[in-house]
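The file upload_16.cif comes next; it holds mmCIF, C-alpha atoms.
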```cif
data_data
loop_
_atom_site.group_PDB
_atom_site.id
_atom_site.type_symbol
_atom_site.label_atom_id
_atom_site.label_comp_id
_atom_site.auth_asym_id
_atom_site.auth_seq_id
_atom_site.Cartn_x
_atom_site.Cartn_y
_atom_site.Cartn_z
ATOM 1 C CA MET H 1 -12.537 5.472 2.148
ATOM 2 C CA ASN H 2 -15.844 3.933 1.102
ATOM 3 C CA PHE H 3 -19.067 4.893 2.873
ATOM 4 C CA LEU H 4 -21.166 2.119 1.334
ATOM 5 C CA PRO H 5 -21.222 -1.451 2.686
ATOM 6 C CA ASP H 6 -18.546 -3.526 0.931
ATOM 7 C CA ASN H 7 -21.036 -5.779 -0.839
ATOM 8 C CA ILE H 8 -22.985 -2.813 -2.229
ATOM 9 C CA ASP H 9 -19.776 -1.072 -3.216
ATOM 10 C CA THR H 10 -18.610 -4.192 -5.052
ATOM 11 C CA TYR H 11 -21.947 -4.427 -6.865
ATOM 12 C CA VAL H 12 -21.696 -0.771 -7.931
ATOM 13 C CA VAL H 13 -18.178 -1.270 -9.282
ATOM 14 C CA ASN H 14 -19.093 -4.497 -11.071
ATOM 15 C CA ASN H 15 -21.992 -2.793 -12.819
ATOM 16 C CA SER H 16 -20.038 0.249 -13.963
ATOM 17 C CA GLN H 17 -17.831 0.703 -17.001
ATOM 18 C CA LYS H 18 -14.367 -0.827 -16.698
ATOM 19 C CA GLU H 19 -11.230 1.292 -16.902
ATOM 20 C CA PRO H 20 -9.248 1.314 -20.181
ATOM 21 C CA GLU H 21 -6.119 -0.836 -20.436
ATOM 22 C CA ILE H 22 -3.706 2.097 -20.067
ATOM 23 C CA LEU H 23 -5.332 3.054 -16.778
ATOM 24 C CA GLN H 24 -5.171 -0.522 -15.542
ATOM 25 C CA GLN H 25 -1.417 -0.416 -16.173
ATOM 26 C CA LEU H 26 -1.061 2.958 -14.479
ATOM 27 C CA ASN H 27 -3.105 1.809 -11.495
ATOM 28 C CA LYS H 28 -0.991 -1.324 -11.087
ATOM 29 C CA GLU H 29 2.353 0.467 -11.398
ATOM 30 C CA THR H 30 1.288 3.187 -8.962
ATOM 31 C CA TRP H 31 0.488 0.579 -6.317
ATOM 32 C CA GLN H 32 3.768 -1.213 -7.002
ATOM 33 C CA LYS H 33 6.148 1.752 -7.028
ATOM 34 C CA VAL H 34 4.695 4.911 -5.489
ATOM 35 C CA LEU H 35 4.205 5.973 -1.879
ATOM 36 C CA ASN H 36 0.626 6.585 -0.692
ATOM 37 C CA PRO H 37 -1.071 4.800 -3.625
ATOM 38 C CA ARG H 38 -4.448 5.402 -1.970
ATOM 39 C CA MET H 39 -4.180 8.943 -3.341
ATOM 40 C CA LEU H 40 -4.992 7.450 -6.746
ATOM 41 C CA SER H 41 -8.519 8.196 -7.938
ATOM 42 C CA GLY H 42 -9.070 4.517 -8.733
ATOM 43 C CA ALA H 43 -11.176 2.698 -11.292
ATOM 44 C CA PHE H 44 -14.692 3.627 -10.132
ATOM 45 C CA GLN H 45 -14.071 7.287 -9.380
ATOM 46 C CA GLY H 46 -12.043 7.498 -12.570
ATOM 47 C CA ARG H 47 -15.087 6.363 -14.545
ATOM 48 C CA VAL H 48 -17.166 9.009 -12.766
ATOM 49 C CA LEU H 49 -14.643 11.693 -13.748
ATOM 50 C CA SER H 50 -14.603 10.394 -17.309
ATOM 51 C CA MET H 51 -18.408 10.425 -17.524
ATOM 52 C CA ILE H 52 -18.669 13.981 -16.182
ATOM 53 C CA SER H 53 -16.037 15.158 -18.655
ATOM 54 C CA LYS H 54 -17.802 13.422 -21.546
ATOM 55 C CA LEU H 55 -21.078 15.107 -20.587
ATOM 56 C CA ILE H 56 -19.417 18.533 -20.462
ATOM 57 C CA GLN H 57 -17.123 18.013 -23.490
ATOM 58 C CA PRO H 58 -14.677 20.669 -22.252
ATOM 59 C CA THR H 59 -12.241 22.558 -24.426
ATOM 60 C CA THR H 60 -10.112 23.619 -21.457
ATOM 61 C CA ILE H 61 -9.471 21.588 -18.303
ATOM 62 C CA LEU H 62 -7.419 22.436 -15.221
ATOM 63 C CA GLU H 63 -6.369 19.785 -12.738
ATOM 64 C CA ILE H 64 -4.799 20.791 -9.429
ATOM 65 C CA GLY H 65 -2.937 17.730 -8.199
ATOM 66 C CA THR H 66 -1.506 15.426 -10.875
ATOM 67 C CA TYR H 67 -0.089 12.660 -8.657
ATOM 68 C CA THR H 68 0.675 9.831 -11.151
ATOM 69 C CA GLY H 69 -1.635 11.109 -13.896
ATOM 70 C CA TYR H 70 -4.599 8.760 -13.512
ATOM 71 C CA SER H 71 -7.319 11.360 -13.043
ATOM 72 C CA ALA H 72 -5.879 13.581 -15.781
ATOM 73 C CA LEU H 73 -6.237 10.761 -18.299
ATOM 74 C CA CYS H 74 -9.804 10.122 -17.122
ATOM 75 C CA LEU H 75 -10.737 13.792 -17.535
ATOM 76 C CA ALA H 76 -9.049 13.911 -20.940
ATOM 77 C CA GLU H 77 -11.440 11.251 -22.261
ATOM 78 C CA GLY H 78 -14.210 13.835 -22.606
ATOM 79 C CA MET H 79 -12.064 16.670 -23.893
ATOM 80 C CA LYS H 80 -12.689 18.062 -27.356
ATOM 81 C CA LYS H 81 -10.168 17.081 -30.049
ATOM 82 C CA LYS H 82 -8.505 20.488 -30.002
ATOM 83 C CA GLY H 83 -8.820 20.847 -26.235
ATOM 84 C CA THR H 84 -6.087 21.362 -23.666
ATOM 85 C CA LEU H 85 -5.673 19.943 -20.186
ATOM 86 C CA PHE H 86 -3.333 21.692 -17.737
ATOM 87 C CA THR H 87 -2.307 19.575 -14.768
ATOM 88 C CA ILE H 88 -0.279 20.967 -11.858
ATOM 89 C CA ASP H 89 1.693 19.195 -9.155
ATOM 90 C CA LYS H 90 4.555 20.310 -6.938
ATOM 91 C CA ASN H 91 6.086 16.820 -6.641
ATOM 92 C CA GLU H 92 8.976 16.769 -9.109
ATOM 93 C CA GLU H 93 9.709 13.124 -8.320
ATOM 94 C CA LEU H 94 6.459 11.976 -9.958
ATOM 95 C CA GLU H 95 6.749 14.174 -13.053
ATOM 96 C CA ASP H 96 8.403 11.530 -15.247
ATOM 97 C CA PHE H 97 6.106 8.775 -13.956
ATOM 98 C CA ALA H 98 2.995 10.674 -15.067
ATOM 99 C CA LYS H 99 4.632 11.894 -18.283
ATOM 100 C CA LYS H 100 5.342 8.309 -19.337
ATOM 101 C CA TYR H 101 1.634 7.504 -19.287
ATOM 102 C CA PHE H 102 0.623 10.811 -20.830
ATOM 103 C CA ASN H 103 2.963 10.039 -23.737
ATOM 104 C CA LYS H 104 1.464 6.555 -24.107
ATOM 105 C CA SER H 105 -2.008 7.996 -24.401
ATOM 106 C CA SER H 106 -3.804 9.542 -27.346
ATOM 107 C CA TYR H 107 -3.869 12.860 -25.472
ATOM 108 C CA LYS H 108 -0.103 13.380 -25.241
ATOM 109 C CA THR H 109 -0.127 16.579 -27.311
ATOM 110 C CA GLN H 110 -3.087 17.990 -25.382
ATOM 111 C CA ILE H 111 -1.869 17.508 -21.816
ATOM 112 C CA LYS H 112 0.321 20.298 -20.446
ATOM 113 C CA GLN H 113 2.160 19.120 -17.365
ATOM 114 C CA LEU H 114 3.180 21.912 -14.979
ATOM 115 C CA VAL H 115 5.423 21.351 -11.954
ATOM 116 C CA GLY H 116 5.426 23.788 -9.052
ATOM 117 C CA ASP H 117 3.159 25.504 -6.559
ATOM 118 C CA ALA H 118 -0.352 25.779 -7.996
ATOM 119 C CA LEU H 119 -0.906 29.023 -6.079
ATOM 120 C CA ASP H 120 1.893 30.565 -8.145
ATOM 121 C CA ILE H 121 1.100 28.857 -11.443
ATOM 122 C CA ILE H 122 -2.669 29.394 -11.709
ATOM 123 C CA PRO H 123 -2.457 33.220 -11.943
ATOM 124 C CA THR H 124 -0.083 32.840 -14.911
ATOM 125 C CA LEU H 125 -2.556 30.753 -16.952
ATOM 126 C CA ASN H 126 -4.160 33.150 -19.392
ATOM 127 C CA THR H 127 -7.207 31.076 -20.221
ATOM 128 C CA LYS H 128 -10.766 30.338 -19.109
ATOM 129 C CA PHE H 129 -11.746 26.828 -18.046
ATOM 130 C CA ASP H 130 -14.737 24.613 -18.739
ATOM 131 C CA LEU H 131 -13.762 22.001 -16.156
ATOM 132 C CA VAL H 132 -11.549 22.123 -13.061
ATOM 133 C CA PHE H 133 -10.620 19.227 -10.771
ATOM 134 C CA ILE H 134 -9.229 20.086 -7.338
ATOM 135 C CA ASP H 135 -7.415 17.196 -5.686
ATOM 136 C CA ALA H 136 -4.350 18.597 -3.951
ATOM 137 C CA ASP H 137 -3.402 19.805 -0.451
ATOM 138 C CA LYS H 138 -6.641 20.275 1.454
ATOM 139 C CA SER H 139 -5.383 23.285 3.412
ATOM 140 C CA ASN H 140 -5.432 25.328 0.200
ATOM 141 C CA TYR H 141 -8.834 24.314 -1.191
ATOM 142 C CA VAL H 142 -10.365 27.718 -0.393
ATOM 143 C CA ASN H 143 -7.355 29.466 -1.925
ATOM 144 C CA TYR H 144 -7.618 27.364 -5.084
ATOM 145 C CA PHE H 145 -11.303 28.150 -5.397
ATOM 146 C CA ASN H 146 -10.674 31.874 -5.051
ATOM 147 C CA LEU H 147 -8.011 31.700 -7.775
ATOM 148 C CA ILE H 148 -10.070 29.770 -10.303
ATOM 149 C CA ILE H 149 -13.617 31.074 -9.873
ATOM 150 C CA ASN H 150 -12.980 34.105 -12.092
ATOM 151 C CA LYS H 151 -11.218 31.909 -14.637
ATOM 152 C CA MET H 152 -14.310 29.749 -15.224
ATOM 153 C CA ASN H 153 -16.516 29.943 -18.290
ATOM 154 C CA ALA H 154 -20.246 30.289 -17.666
ATOM 155 C CA GLY H 155 -21.655 26.792 -17.226
ATOM 156 C CA GLY H 156 -18.216 25.487 -16.295
ATOM 157 C CA VAL H 157 -17.850 22.821 -13.614
ATOM 158 C CA ILE H 158 -15.544 22.617 -10.599
ATOM 159 C CA LEU H 159 -14.985 19.141 -9.158
ATOM 160 C CA SER H 160 -13.569 18.877 -5.638
ATOM 161 C CA ASP H 161 -12.277 15.577 -4.263
ATOM 162 C CA ASN H 162 -12.001 14.254 -0.682
ATOM 163 C CA VAL H 163 -14.587 16.675 0.693
ATOM 164 C CA LEU H 164 -15.846 14.137 3.253
ATOM 165 C CA TRP H 165 -12.293 13.506 4.466
ATOM 166 C CA SER H 166 -12.929 10.023 5.860
ATOM 167 C CA GLY H 167 -15.948 11.352 7.736
ATOM 168 C CA LYS H 168 -13.909 13.837 9.789
ATOM 169 C CA VAL H 169 -16.031 16.739 8.535
ATOM 170 C CA ILE H 170 -18.926 15.616 10.780
ATOM 171 C CA GLU H 171 -16.847 14.628 13.803
ATOM 172 C CA GLU H 172 -15.781 16.838 16.691
ATOM 173 C CA LEU H 173 -13.030 19.045 15.301
ATOM 174 C CA ASN H 174 -9.499 18.775 16.648
ATOM 175 C CA PRO H 175 -8.321 22.421 16.771
ATOM 176 C CA LYS H 176 -4.926 21.315 15.456
ATOM 177 C CA ASP H 177 -6.424 19.538 12.413
ATOM 178 C CA MET H 178 -6.179 22.332 9.860
ATOM 179 C CA ASP H 179 -7.040 20.153 6.854
ATOM 180 C CA THR H 180 -10.412 19.200 8.307
ATOM 181 C CA LYS H 181 -11.064 22.772 9.473
ATOM 182 C CA ILE H 182 -10.406 24.120 5.977
ATOM 183 C CA LEU H 183 -12.525 21.417 4.310
ATOM 184 C CA ILE H 184 -15.485 22.241 6.558
ATOM 185 C CA ALA H 185 -15.121 25.905 5.601
ATOM 186 C CA TYR H 186 -14.705 24.942 1.954
ATOM 187 C CA ASN H 187 -17.859 22.849 1.874
ATOM 188 C CA LYS H 188 -19.803 25.742 3.404
ATOM 189 C CA LEU H 189 -18.295 28.119 0.846
ATOM 190 C CA LEU H 190 -19.340 25.950 -2.095
ATOM 191 C CA ASN H 191 -22.879 25.713 -0.776
ATOM 192 C CA SER H 192 -23.237 29.445 -0.098
ATOM 193 C CA ASP H 193 -21.402 31.214 -2.931
ATOM 194 C CA ASP H 194 -24.088 32.605 -5.222
ATOM 195 C CA ARG H 195 -21.848 32.320 -8.287
ATOM 196 C CA ILE H 196 -22.206 28.547 -8.304
ATOM 197 C CA GLU H 197 -24.687 25.761 -7.601
ATOM 198 C CA THR H 198 -23.344 22.725 -5.797
ATOM 199 C CA VAL H 199 -24.147 19.112 -5.014
ATOM 200 C CA LEU H 200 -21.965 16.919 -2.807
ATOM 201 C CA LEU H 201 -21.881 13.293 -3.870
ATOM 202 C CA PRO H 202 -20.940 10.570 -1.329
ATOM 203 C CA ILE H 203 -18.671 8.858 -3.854
ATOM 204 C CA ARG H 204 -15.622 7.297 -2.255
ATOM 205 C CA ASP H 205 -14.251 10.077 0.014
ATOM 206 C CA GLY H 206 -16.712 12.694 -1.247
ATOM 207 C CA LEU H 207 -16.858 14.459 -4.612
ATOM 208 C CA THR H 208 -18.461 17.862 -4.996
ATOM 209 C CA ILE H 209 -19.808 19.132 -8.327
ATOM 210 C CA SER H 210 -20.148 22.896 -8.564
ATOM 211 C CA ARG H 211 -21.601 24.506 -11.690
ATOM 212 C CA VAL H 212 -20.770 28.112 -12.464
ATOM 213 C CA LYS H 213 -23.892 30.161 -13.186
#
```

Encoded form (C-alpha coordinates):
Amino acid sequence: MNFLPDNIDTYVVNNSQKEPEILQQLNKETWQKVLNPRMLSGAFQGRVLSMISKLIQPTTILEIGTYTGYSALCLAEGMKKKGTLFTIDKNEELEDFAKKYFNKSSYKTQIKQLVGDALDIIPTLNTKFDLVFIDADKSNYVNYFNLIINKMNAGGVILSDNVLWSGKVIEELNPKDMDTKILIAYNKLLNSDDRIETVLLPIRDGLTISRVK
(Lines of atoms letter the chains of each structure in order from A and count residues from 1; the text may use other names and numbers.)
(Lines give C-alpha, C1' and ligand atoms only; values in the text may rest on other atoms or scores of the structure.)
Protein backbone atom coordinates (compact mmCIF):
# COMPACT_ATOMS: atom_id res chain seq x y z
CA MET A 1 0.00 0.00 0.00
CA ASN A 2 1.16 3.52 -0.80
CA PHE A 3 0.27 6.42 1.49
CA LEU A 4 1.38 9.14 -0.92
CA PRO A 5 -0.82 10.43 -3.76
CA ASP A 6 -0.14 8.40 -6.92
CA ASN A 7 1.39 11.32 -8.82
CA ILE A 8 3.81 12.11 -5.98
CA ASP A 9 4.65 8.45 -5.57
CA THR A 10 5.39 8.17 -9.29
CA TYR A 11 7.62 11.24 -9.13
CA VAL A 12 9.54 9.77 -6.17
CA VAL A 13 10.09 6.49 -8.00
CA ASN A 14 11.12 8.21 -11.23
CA ASN A 15 13.71 10.27 -9.39
CA SER A 16 15.25 7.37 -7.49
CA GLN A 17 17.88 4.89 -8.59
CA LYS A 18 16.61 2.12 -10.86
CA GLU A 19 16.81 -1.53 -9.85
CA PRO A 20 19.60 -3.69 -11.35
CA GLU A 21 18.75 -6.00 -14.26
CA ILE A 22 18.75 -9.17 -12.14
CA LEU A 23 16.15 -7.65 -9.83
CA GLN A 24 14.02 -6.58 -12.78
CA GLN A 25 14.01 -10.22 -13.91
CA LEU A 26 13.21 -11.47 -10.42
CA ASN A 27 10.42 -8.92 -10.01
CA LYS A 28 8.86 -9.91 -13.34
CA GLU A 29 9.05 -13.66 -12.72
CA THR A 30 7.62 -13.30 -9.22
CA TRP A 31 4.57 -11.50 -10.59
CA GLN A 32 4.20 -14.10 -13.34
CA LYS A 33 4.58 -17.28 -11.30
CA VAL A 34 4.18 -16.77 -7.55
CA LEU A 35 1.11 -16.33 -5.37
CA ASN A 36 0.74 -13.04 -3.47
CA PRO A 37 3.36 -11.12 -5.50
CA ARG A 38 2.52 -7.98 -3.53
CA MET A 39 4.69 -9.46 -0.77
CA LEU A 40 7.68 -8.51 -2.93
CA SER A 41 9.61 -5.51 -1.62
CA GLY A 42 9.51 -3.90 -5.07
CA ALA A 43 11.83 -1.55 -6.91
CA PHE A 44 11.57 1.58 -4.74
CA GLN A 45 11.69 -0.09 -1.35
CA GLY A 46 14.44 -2.35 -2.67
CA ARG A 47 16.54 0.72 -3.45
CA VAL A 48 15.88 2.01 0.07
CA LEU A 49 17.08 -1.30 1.54
CA SER A 50 20.13 -1.23 -0.72
CA MET A 51 20.99 2.34 0.30
CA ILE A 52 20.67 1.58 4.02
CA SER A 53 22.88 -1.49 3.63
CA LYS A 54 25.48 0.48 1.67
CA LEU A 55 25.56 3.14 4.40
CA ILE A 56 26.05 0.50 7.11
CA GLN A 57 28.40 -1.76 5.10
CA PRO A 58 27.49 -4.80 7.22
CA THR A 59 29.63 -7.88 7.62
CA THR A 60 26.72 -9.98 8.89
CA ILE A 61 23.09 -9.68 7.79
CA LEU A 62 20.02 -11.63 8.92
CA GLU A 63 16.80 -11.58 6.94
CA ILE A 64 13.64 -13.10 8.41
CA GLY A 65 11.37 -13.80 5.47
CA THR A 66 13.07 -14.66 2.17
CA TYR A 67 10.01 -14.94 -0.09
CA THR A 68 11.52 -14.99 -3.63
CA GLY A 69 14.85 -13.43 -2.64
CA TYR A 70 14.39 -9.86 -3.85
CA SER A 71 15.08 -8.07 -0.58
CA ALA A 72 18.01 -10.35 0.23
CA LEU A 73 19.74 -9.34 -2.99
CA CYS A 74 19.06 -5.67 -2.24
CA LEU A 75 20.56 -5.97 1.25
CA ALA A 76 23.54 -7.90 -0.12
CA GLU A 77 24.52 -4.91 -2.29
CA GLY A 78 25.98 -3.13 0.74
CA MET A 79 27.57 -6.16 2.35
CA LYS A 80 31.33 -6.30 2.77
CA LYS A 81 33.21 -8.60 0.37
CA LYS A 82 33.76 -11.24 3.04
CA GLY A 83 30.33 -10.74 4.58
CA THR A 84 27.55 -13.26 5.05
CA LEU A 85 23.80 -12.92 4.68
CA PHE A 86 21.53 -15.47 6.36
CA THR A 87 17.98 -15.53 5.02
CA ILE A 88 15.23 -17.64 6.60
CA ASP A 89 11.86 -18.72 5.24
CA LYS A 90 9.56 -21.59 6.13
CA ASN A 91 8.11 -21.91 2.60
CA GLU A 92 9.95 -24.84 1.02
CA GLU A 93 8.14 -24.32 -2.27
CA LEU A 94 9.95 -21.03 -2.91
CA GLU A 95 13.41 -22.25 -1.91
CA ASP A 96 14.54 -23.17 -5.43
CA PHE A 97 12.99 -20.03 -6.93
CA ALA A 98 15.07 -17.78 -4.66
CA LYS A 99 18.16 -19.98 -4.96
CA LYS A 100 18.12 -19.61 -8.74
CA TYR A 101 18.49 -15.85 -8.44
CA PHE A 102 20.99 -16.06 -5.60
CA ASN A 103 23.15 -18.28 -7.82
CA LYS A 104 22.86 -15.80 -10.70
CA SER A 105 24.10 -12.99 -8.51
CA SER A 106 27.61 -12.03 -7.47
CA TYR A 107 26.69 -12.85 -3.86
CA LYS A 108 25.97 -16.55 -4.36
CA THR A 109 28.77 -17.71 -2.05
CA GLN A 110 27.80 -15.19 0.63
CA ILE A 111 24.08 -15.89 0.92
CA LYS A 112 23.12 -18.72 3.27
CA GLN A 113 19.57 -19.83 2.60
CA LEU A 114 17.85 -21.47 5.58
CA VAL A 115 14.45 -23.16 5.35
CA GLY A 116 12.32 -23.68 8.44
CA ASP A 117 10.77 -21.86 11.37
CA ALA A 118 12.81 -18.75 12.17
CA LEU A 119 11.92 -19.08 15.86
CA ASP A 120 13.80 -22.39 15.88
CA ILE A 121 16.63 -21.38 13.55
CA ILE A 122 17.67 -18.01 15.01
CA PRO A 123 18.84 -19.43 18.38
CA THR A 124 21.16 -21.80 16.49
CA LEU A 125 22.99 -18.98 14.66
CA ASN A 126 26.20 -18.42 16.56
CA THR A 127 26.97 -14.96 15.27
CA LYS A 128 26.33 -11.27 15.91
CA PHE A 129 24.58 -9.15 13.29
CA ASP A 130 25.18 -5.69 11.88
CA LEU A 131 21.88 -5.57 10.00
CA VAL A 132 18.59 -7.44 10.42
CA PHE A 133 15.51 -7.22 8.20
CA ILE A 134 12.23 -8.51 9.62
CA ASP A 135 9.60 -9.18 6.97
CA ALA A 136 7.79 -12.38 7.91
CA ASP A 137 4.61 -13.36 9.80
CA LYS A 138 3.48 -10.28 11.69
CA SER A 139 2.18 -12.25 14.67
CA ASN A 140 5.77 -13.11 15.60
CA TYR A 141 7.41 -9.70 15.20
CA VAL A 142 7.79 -9.25 18.97
CA ASN A 143 9.18 -12.77 19.28
CA TYR A 144 11.69 -12.13 16.49
CA PHE A 145 12.82 -8.92 18.14
CA ASN A 146 13.34 -10.65 21.47
CA LEU A 147 15.43 -13.35 19.76
CA ILE A 148 17.69 -11.01 17.82
CA ILE A 149 18.22 -8.02 20.12
CA ASN A 150 21.01 -9.77 22.05
CA LYS A 151 22.56 -10.96 18.80
CA MET A 152 23.09 -7.41 17.51
CA ASN A 153 26.43 -5.64 17.38
CA ALA A 154 26.56 -2.17 18.91
CA GLY A 155 25.48 0.30 16.24
CA GLY A 156 23.67 -2.47 14.37
CA VAL A 157 20.37 -1.75 12.63
CA ILE A 158 17.06 -3.61 12.71
CA LEU A 159 14.70 -2.93 9.80
CA SER A 160 11.04 -3.89 10.22
CA ASP A 161 8.66 -3.96 7.25
CA ASN A 162 4.87 -3.50 7.03
CA VAL A 163 4.62 -1.70 10.37
CA LEU A 164 1.75 0.50 9.16
CA TRP A 165 -0.17 -2.56 7.96
CA SER A 166 -2.29 -0.74 5.37
CA GLY A 167 -3.21 1.85 7.98
CA LYS A 168 -4.87 -0.68 10.30
CA VAL A 169 -2.57 0.31 13.16
CA ILE A 170 -4.50 3.59 13.61
CA GLU A 171 -7.98 2.19 13.03
CA GLU A 172 -10.34 0.73 15.61
CA LEU A 173 -8.92 -2.68 16.45
CA ASN A 174 -10.87 -5.82 15.63
CA PRO A 175 -10.25 -8.07 18.67
CA LYS A 176 -9.86 -11.05 16.33
CA ASP A 177 -7.17 -9.33 14.22
CA MET A 178 -4.07 -10.65 15.94
CA ASP A 179 -1.62 -9.41 13.30
CA THR A 180 -2.68 -5.80 13.79
CA LYS A 181 -2.75 -6.20 17.58
CA ILE A 182 0.81 -7.54 17.59
CA LEU A 183 2.06 -4.83 15.21
CA ILE A 184 0.64 -2.10 17.45
CA ALA A 185 2.43 -3.67 20.41
CA TYR A 186 5.58 -4.07 18.33
CA ASN A 187 5.65 -0.44 17.27
CA LYS A 188 5.28 0.62 20.91
CA LEU A 189 8.07 -1.77 21.90
CA LEU A 190 10.48 -0.35 19.33
CA ASN A 191 9.77 3.18 20.49
CA SER A 192 10.15 2.41 24.20
CA ASP A 193 12.99 -0.12 24.46
CA ASP A 194 15.98 1.79 25.79
CA ARG A 195 18.44 -0.50 24.00
CA ILE A 196 17.54 1.02 20.65
CA GLU A 197 16.58 4.30 19.00
CA THR A 198 13.85 4.14 16.39
CA VAL A 199 12.31 6.10 13.54
CA LEU A 200 9.27 4.91 11.59
CA LEU A 201 9.34 5.88 7.94
CA PRO A 202 6.06 6.05 5.95
CA ILE A 203 7.63 4.23 3.00
CA ARG A 204 5.18 1.97 1.21
CA ASP A 205 3.51 0.00 4.05
CA GLY A 206 5.80 1.40 6.74
CA LEU A 207 9.49 0.70 7.40
CA THR A 208 11.00 1.11 10.83
CA ILE A 209 14.73 1.71 11.38
CA SER A 210 15.98 0.83 14.84
CA ARG A 211 19.62 1.43 15.78
CA VAL A 212 21.14 -0.55 18.62
CA LYS A 213 22.89 1.70 21.14

Hits from the PyMOL selection byres ((chain H and resi 113-117) around 12), listed as an MDAnalysis selection string: chainID H and resid 61:69 72:73 84:103 107:112 118:125 136:137 140 144

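Counting only C-alpha atoms, segment 37-49 of chain H has the following residues at most 7 Å away, ignoring those fewer than 3 positions along the same chain: Val13, Gln17, Glu19, Thr30, Trp31, Val34, Ile52, Ser53, Tyr70, Ser71, Cys74 and Leu75 of chain H.
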
Straight-line distance linking atom CA of Lys54 of chain H with atom CA of Glu77 of chain H, stated in Å to one decimal: 6.8 Å

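Minimum atom-to-atom distance to Glu197 of chain H, evaluated using all atoms listed in the file, belongs to H:Val212 out of H:Met178, H:Leu35, H:Val212, H:Ile148.
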
Residue IDs satisfying the PyMOL selection byres ((chain H and resi 58) around 12), as a PyMOL selection string: chain H and resi 50-57+59-62+75-85+128-132+152-153+155-158

Residues within 10 Å of segment 162-170 of chain H, all atoms listed in the file, excluding chain neighbours under 4 positions, as a VMD selection string: chain H and resid 1 to 3 39 134 to 136 138 141 174 177 179 to 187 200 to 208

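The gap separating atom CA of Arg195 of chain H from atom CA of Lys213 of chain H is 5.7 Å, in Å to one decimal.
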
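When only C-alpha atoms are used to compute distances to Phe133 of chain H, the closest of the residues H:Leu173, H:Val199, H:Ile209, H:Leu147 turns out to be H:Ile209.
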
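Reported to one decimal place, the separation of atom CA of Leu4 of chain H from atom CA of Pro20 of chain H is 24.6 Å.
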
Residue with smallest distance to Ser160 of chain H - pool H:Asp9, H:Ser210, H:Leu23, H:Lys188, counting only C-alpha atoms: H:Ser210

As a tab-separated table (two decimals), in the frame of the given file, could you write out segment 130-154 of chain H once it has been completed with N, CA and C atoms?
```tsv
chain	number	residue	atom	x	y	z
H	130	ASP	N	-13.42	25.25	-18.71
H	130	ASP	CA	-14.74	24.61	-18.74
H	130	ASP	C	-14.88	23.59	-17.61
H	131	LEU	N	-13.75	23.05	-17.18
H	131	LEU	CA	-13.76	22.00	-16.16
H	131	LEU	C	-12.50	22.11	-15.31
H	132	VAL	N	-12.68	22.09	-14.00
H	132	VAL	CA	-11.55	22.12	-13.06
H	132	VAL	C	-11.72	20.99	-12.06
H	133	PHE	N	-10.62	20.29	-11.77
H	133	PHE	CA	-10.62	19.23	-10.77
H	133	PHE	C	-9.61	19.58	-9.70
H	134	ILE	N	-10.10	19.76	-8.47
H	134	ILE	CA	-9.23	20.09	-7.34
H	134	ILE	C	-9.01	18.84	-6.50
H	135	ASP	N	-7.76	18.40	-6.44
H	135	ASP	CA	-7.42	17.20	-5.69
H	135	ASP	C	-5.97	17.31	-5.21
H	136	ALA	N	-5.71	18.34	-4.42
H	136	ALA	CA	-4.35	18.60	-3.95
H	136	ALA	C	-4.38	18.79	-2.43
H	137	ASP	N	-3.46	19.59	-1.90
H	137	ASP	CA	-3.40	19.80	-0.45
H	137	ASP	C	-4.69	20.48	0.04
H	138	LYS	N	-5.31	19.84	1.01
H	138	LYS	CA	-6.64	20.27	1.45
H	138	LYS	C	-6.60	21.65	2.11
H	139	SER	N	-5.48	22.00	2.71
H	139	SER	CA	-5.38	23.28	3.41
H	139	SER	C	-5.48	24.48	2.48
H	140	ASN	N	-5.35	24.23	1.16
H	140	ASN	CA	-5.43	25.33	0.20
H	140	ASN	C	-6.67	25.28	-0.68
H	141	TYR	N	-7.64	24.43	-0.34
H	141	TYR	CA	-8.83	24.31	-1.19
H	141	TYR	C	-9.54	25.67	-1.37
H	142	VAL	N	-9.70	26.41	-0.29
H	142	VAL	CA	-10.36	27.72	-0.39
H	142	VAL	C	-9.55	28.66	-1.27
H	143	ASN	N	-8.23	28.62	-1.10
H	143	ASN	CA	-7.36	29.47	-1.92
H	143	ASN	C	-7.45	29.09	-3.40
H	144	TYR	N	-7.49	27.81	-3.68
H	144	TYR	CA	-7.62	27.36	-5.08
H	144	TYR	C	-8.93	27.85	-5.68
H	145	PHE	N	-10.00	27.70	-4.91
H	145	PHE	CA	-11.30	28.15	-5.40
H	145	PHE	C	-11.28	29.64	-5.73
H	146	ASN	N	-10.72	30.42	-4.84
H	146	ASN	CA	-10.67	31.87	-5.05
H	146	ASN	C	-9.84	32.25	-6.27
H	147	LEU	N	-8.85	31.43	-6.60
H	147	LEU	CA	-8.01	31.70	-7.78
H	147	LEU	C	-8.70	31.32	-9.08
H	148	ILE	N	-9.52	30.27	-9.04
H	148	ILE	CA	-10.07	29.77	-10.30
H	148	ILE	C	-11.47	30.29	-10.63
H	149	ILE	N	-12.21	30.75	-9.63
H	149	ILE	CA	-13.62	31.07	-9.87
H	149	ILE	C	-13.78	32.12	-10.97
H	150	ASN	N	-12.88	33.07	-11.04
H	150	ASN	CA	-12.98	34.10	-12.09
H	150	ASN	C	-12.32	33.68	-13.40
H	151	LYS	N	-11.79	32.46	-13.41
H	151	LYS	CA	-11.22	31.91	-14.64
H	151	LYS	C	-12.14	30.86	-15.26
H	152	MET	N	-13.37	30.75	-14.73
H	152	MET	CA	-14.31	29.75	-15.22
H	152	MET	C	-15.22	30.34	-16.29
H	153	ASN	N	-15.49	29.56	-17.32
H	153	ASN	CA	-16.52	29.94	-18.29
H	153	ASN	C	-17.89	29.72	-17.68
H	154	ALA	N	-18.87	30.49	-18.13
H	154	ALA	CA	-20.25	30.29	-17.67
H	154	ALA	C	-20.67	28.86	-18.00
```
